[in-house]
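Visitor: If you scroll down you'll find the structure; I have some questions about it.
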Number of protein chains: 2
Amino acid sequence: MGKELKGNMVIAQSGGPTVVINQSLVAAVTEARKHSRIKGIYGSLNGIKGILEERFTDLRRETYSTLKKVAFTPCAALGSVRKKPSEQECAEILRILQKYDVRFFFYIGGNDSAETANILSESAKKLNYEFRCFHIPKTIDNDLLENDHTPGYASAAKFVAMAVMGDNMDNISLPGVKVDIVMGRHAGFLVAASALARSSEDDGPHLIYFPERPFSKEQFLKDVEGVYSKLGRCLITVSEGIADEKGEAIASKFTKEVDTYGNVQLSGTGVLGDLLADMIKKELKVSRVRADTFGYLQRSFPSVFSEVDAKEAYEVGKLAVRYAVSTNIDGSIAIKRKPGKKYNAYFELVPLNKVARNTRNMPAKFINKQSNDVTPAFINYVKPLVGKLPEIGKLRYYPINKR
Amino acid sequence: MGKELKGNMVIAQSGGPTVVINQSLVAAVTEARKHSRIKGIYGSLNGIKGILEERFTDLRRETYSTLKKVAFTPCAALGSVRKKPSEQECAEILRILQKYDVRFFFYIGGNDSAETANILSESAKKLNYEFRCFHIPKTIDNDLLENDHTPGYASAAKFVAMAVMGDNMDNISLPGVKVDIVMGRHAGFLVAASALARSSEDDGPHLIYFPERPFSKEQFLKDVEGVYSKLGRCLITVSEGIADEKGEAIASKFTKEVDTYGNVQLSGTGVLGDLLADMIKKELKVSRVRADTFGYLQRSFPSVFSEVDAKEAYEVGKLAVRYAVSTNIDGSIAIKRKPGKKYNAYFELVPLNKVARNTRNMPAKFINKQSNDVTPAFINYVKPLVGKLPEIGKLRYYPINKR
């Protein structure tokens, strides 16, 4: 148990928002209020930027009614940030946390945030500053190491599946080739979830492209032609992160912007979809080709969320606080899954450095041999996370004899 | 009453899909089954294209359970088409309808479909072919003459409002300038609905641009700079149809494709959003500028619909059939609104030529003087159509004193 640590707590949110990220925040705050060793419950505004600027809000004063509404509201209620602190900034952050007698720190975010938490944890040890530092997982990309899946993913996956369900009906209504660009910088989990949109054999997406497999223009056009010549339409979902054989993102050839982690801007632009649509128009001589980029709606659309996801996002926030007050180790709360037919998740405290920095890709068993679709194993994996989807009704069609 | 017309019925769907277009279809089919003068109930596949190719499906054989599911499924269950028939094709359509003893024809669509119905109605009169020809309104653009609003609009408006609600939270989480491109070729009703996303004064959209007002790059940049310098963020909704002073669509400068009605392709491409984002980045030196184009999700996203819209879409389908069997005039069913504080809609049979071809714009009273926002009058107009929106929860913020 170590010594009985007492002091203030800071919680912050980082990286791209999700629809359930506030579930983790509200869970942590609600749990913290139950532990007398946690004195002030401070929210840092805009992640670690708020610490550096000493912009804290008193989360003890928020009412339960506000917190409940916030839990079901998309995007970071405390504000977020995309910032990798320098060594100097890390020292500064710790200095400020000490000044405010902060003994418990929780950072809700992805692998980049886990890395920040890890640096702070290590720095505190070197300084001999008694300090519990926790990472609470969050990413729609589902790419955190040590996790079966991550909070935020299933809700974004549900949005993508629903969007493609509707777009498939649109594509049946007005046939043509349609390209939908889905988020996911390096991992194809989100684009893969578009497969859930299918309810019958000729439903789209007919082709799915992953960042995990080198994108070949020739193979892509051949695939599209194959579907289009058979069905007279083709619905394709493509990860924004598709890359060529050298690993260079196809989209990055057209955009230059990078954040402080060195990540190229892939979202918030329609350039990849337009590029692929133009390619199909020109090379396959298909007249009606359209592209949509789902964009930020995937991570922010209100009231479309997975119930499993919302519950698990709450759980990891709650457990992080429980571990922080009951152990003397730092870590991240990982979601694991028990083998078996029935969905059965459990949570585990894992070391920060195991989740930090690196990311996880789609396992090979989830992508088909042609690299243009998912496998049944993936459907089994994702279905219980996303839960129930809207029912699609189709006419049966009873042809009238020609006269 | 005219003579007691008996024979088969054909129903078809045309133009861009909506989330409630099948409500009208199912209503017409359900109503038709109640009238013994209507013999066969045929669905033409892909609008008038299906008539020309004699591809009909027997809608009498569909079960109520199928029809009920179809009513709540987005996009044209019979398939749609974008086709303006030539004079020769109109004659051919009538010849085929006569061959199949079709005496009742219902075309669900926008102003282009009303025009087609009008041509068929006039041609039948010239041929002395006793024939009831009805247009059933549908368009997310809300631009039909004679109508207070059109089926499909309120559901698309709800989607846009929800998307912008989420995106506003995203923009608060990670501040920057965000541009959202909303459908609406000539009418700004849909982009205007983004105003419903606001729940407090500094919520986005902070600026709204309409196709009804000439787009000035200089004024646009000035507007954006004004908001950004005040709030440190700016969320802008822009109609895909914004045009310069000569009426040339800004997007059309970058795309060449037109359909057979001479409409330029504005959707299914991210080019306008990217153009505006680049402009802001370069001219205002804002580093974080993103653009999303909501695209086909606005007209096809399943399970997000307005209840008022679904009911009214059902009503116009039902009434079209009732009028067709009880009058000897052709027409379109228009939705009107009684004046007064409480929302009170009613339906009226209007002549086809009054709805055909031309479109309606946002009335001047719905756009503010600066041409960059809606007025309270518009909010009063649109709120009862869209209905309840998700509740957004925000922290109250209680700053911690600096130490």
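Note on naming: chains are A, B, ... as they come in the structure tokens, residues start from 1 per chain, ligands start from 1 in the order shown.
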Using only C-alpha atoms, determine which residues of chain B fall within 7 Å of chain A; present them as a PyMOL selection string.
Guide: chain B and resi 17+54+56-58+62+66+69-70+73-77+79-81+162-163+166-167+169-170+172-174+268-271+274+290-293+295-297+300-303+390+392-400+402
Visitor: Using backbone DSSP assignments, extract all alpha helix (DSSP H) residues from region 282-397 of chain A; output them as an NGL selection string.
Guide: :A and (282-284 or 297-300 or 307-326 or 352-355 or 376-386)
Visitor: With N, CA and C atoms retained, export the selected residues as a compact mmCIF listing (two decimals), in the first residue's frame.
Guide:
# COMPACT_ATOMS: atom_id res chain seq x y z
N LYS A 282 -11.55 8.81 -64.15
CA LYS A 282 -10.69 8.87 -65.32
C LYS A 282 -10.31 7.49 -65.84
N GLU A 283 -9.93 6.60 -64.92
CA GLU A 283 -9.36 5.33 -65.37
C GLU A 283 -10.43 4.30 -65.71
N LEU A 284 -11.57 4.35 -65.01
CA LEU A 284 -12.59 3.33 -65.26
C LEU A 284 -13.75 3.86 -66.09
N LEU A 297 -17.42 14.27 -37.50
CA LEU A 297 -18.68 13.70 -37.05
C LEU A 297 -18.46 12.33 -36.40
N GLN A 298 -17.45 11.61 -36.85
CA GLN A 298 -17.17 10.28 -36.32
C GLN A 298 -16.83 10.30 -34.84
N ARG A 299 -16.30 11.41 -34.38
CA ARG A 299 -15.84 11.46 -32.99
C ARG A 299 -16.67 12.42 -32.15
N SER A 300 -17.67 13.05 -32.74
CA SER A 300 -18.38 14.10 -32.00
C SER A 300 -19.90 14.09 -32.16
N GLU A 307 -23.58 1.59 -26.03
CA GLU A 307 -23.80 1.51 -24.58
C GLU A 307 -22.66 0.81 -23.85
N VAL A 308 -22.13 -0.22 -24.48
CA VAL A 308 -20.96 -0.92 -23.92
C VAL A 308 -19.81 0.07 -23.77
N ASP A 309 -19.62 0.87 -24.80
CA ASP A 309 -18.52 1.83 -24.82
C ASP A 309 -18.68 2.86 -23.69
N ALA A 310 -19.89 3.40 -23.57
CA ALA A 310 -20.14 4.41 -22.53
C ALA A 310 -19.85 3.82 -21.15
N LYS A 311 -20.29 2.59 -20.93
CA LYS A 311 -20.08 1.94 -19.62
C LYS A 311 -18.60 1.69 -19.35
N GLU A 312 -17.90 1.20 -20.38
CA GLU A 312 -16.48 0.89 -20.19
C GLU A 312 -15.66 2.17 -20.01
N ALA A 313 -16.05 3.23 -20.72
CA ALA A 313 -15.34 4.51 -20.57
C ALA A 313 -15.50 5.02 -19.13
N TYR A 314 -16.69 4.79 -18.58
CA TYR A 314 -16.93 5.17 -17.19
C TYR A 314 -16.07 4.33 -16.26
N GLU A 315 -16.05 3.05 -16.53
CA GLU A 315 -15.33 2.08 -15.68
C GLU A 315 -13.83 2.39 -15.60
N VAL A 316 -13.20 2.68 -16.72
CA VAL A 316 -11.75 2.94 -16.68
C VAL A 316 -11.44 4.22 -15.90
N GLY A 317 -12.33 5.19 -15.99
CA GLY A 317 -12.14 6.43 -15.21
C GLY A 317 -12.24 6.17 -13.72
N LYS A 318 -13.23 5.37 -13.35
CA LYS A 318 -13.46 5.03 -11.95
C LYS A 318 -12.29 4.22 -11.39
N LEU A 319 -11.88 3.19 -12.16
CA LEU A 319 -10.82 2.30 -11.69
C LEU A 319 -9.49 3.02 -11.55
N ALA A 320 -9.20 3.96 -12.43
CA ALA A 320 -7.94 4.70 -12.35
C ALA A 320 -7.84 5.39 -10.99
N VAL A 321 -8.94 6.00 -10.56
CA VAL A 321 -8.94 6.68 -9.25
C VAL A 321 -8.80 5.66 -8.13
N ARG A 322 -9.52 4.56 -8.24
CA ARG A 322 -9.43 3.53 -7.19
C ARG A 322 -8.01 3.00 -7.04
N TYR A 323 -7.36 2.71 -8.19
CA TYR A 323 -5.98 2.22 -8.13
C TYR A 323 -5.06 3.29 -7.56
N ALA A 324 -5.30 4.53 -7.96
CA ALA A 324 -4.41 5.62 -7.54
C ALA A 324 -4.42 5.80 -6.02
N VAL A 325 -5.56 5.60 -5.41
CA VAL A 325 -5.61 5.79 -3.95
C VAL A 325 -5.27 4.51 -3.19
N SER A 326 -5.21 3.38 -3.89
CA SER A 326 -5.00 2.13 -3.15
C SER A 326 -3.69 1.43 -3.47
N LEU A 352 2.66 2.14 -17.48
CA LEU A 352 2.53 3.24 -18.45
C LEU A 352 3.40 3.03 -19.69
N ASN A 353 4.62 2.56 -19.47
CA ASN A 353 5.52 2.45 -20.63
C ASN A 353 5.09 1.36 -21.61
N LYS A 354 4.18 0.51 -21.19
CA LYS A 354 3.69 -0.52 -22.12
C LYS A 354 2.61 0.02 -23.07
N VAL A 355 1.99 1.13 -22.70
CA VAL A 355 0.92 1.71 -23.52
C VAL A 355 1.44 2.94 -24.28
N PRO A 376 -14.55 -12.87 -40.94
CA PRO A 376 -15.59 -13.14 -39.93
C PRO A 376 -15.05 -12.98 -38.50
N ALA A 377 -13.77 -13.24 -38.30
CA ALA A 377 -13.18 -13.08 -36.97
C ALA A 377 -13.30 -11.62 -36.50
N PHE A 378 -13.13 -10.69 -37.43
CA PHE A 378 -13.28 -9.28 -37.04
C PHE A 378 -14.71 -8.96 -36.66
N ILE A 379 -15.65 -9.49 -37.43
CA ILE A 379 -17.08 -9.23 -37.14
C ILE A 379 -17.40 -9.73 -35.73
N ASN A 380 -16.91 -10.92 -35.40
CA ASN A 380 -17.14 -11.46 -34.04
C ASN A 380 -16.52 -10.57 -32.97
N TYR A 381 -15.38 -9.98 -33.31
CA TYR A 381 -14.69 -9.10 -32.38
C TYR A 381 -15.48 -7.81 -32.14
N VAL A 382 -15.96 -7.22 -33.21
CA VAL A 382 -16.50 -5.85 -33.12
C VAL A 382 -17.98 -5.79 -32.76
N LYS A 383 -18.73 -6.82 -33.14
CA LYS A 383 -20.19 -6.79 -32.98
C LYS A 383 -20.64 -6.51 -31.54
N PRO A 384 -20.12 -7.25 -30.56
CA PRO A 384 -20.57 -6.99 -29.18
C PRO A 384 -20.17 -5.62 -28.66
N LEU A 385 -19.14 -5.02 -29.22
CA LEU A 385 -18.73 -3.69 -28.78
C LEU A 385 -19.72 -2.63 -29.25
N VAL A 386 -20.15 -2.77 -30.49
CA VAL A 386 -21.01 -1.75 -31.11
C VAL A 386 -22.47 -1.90 -30.67
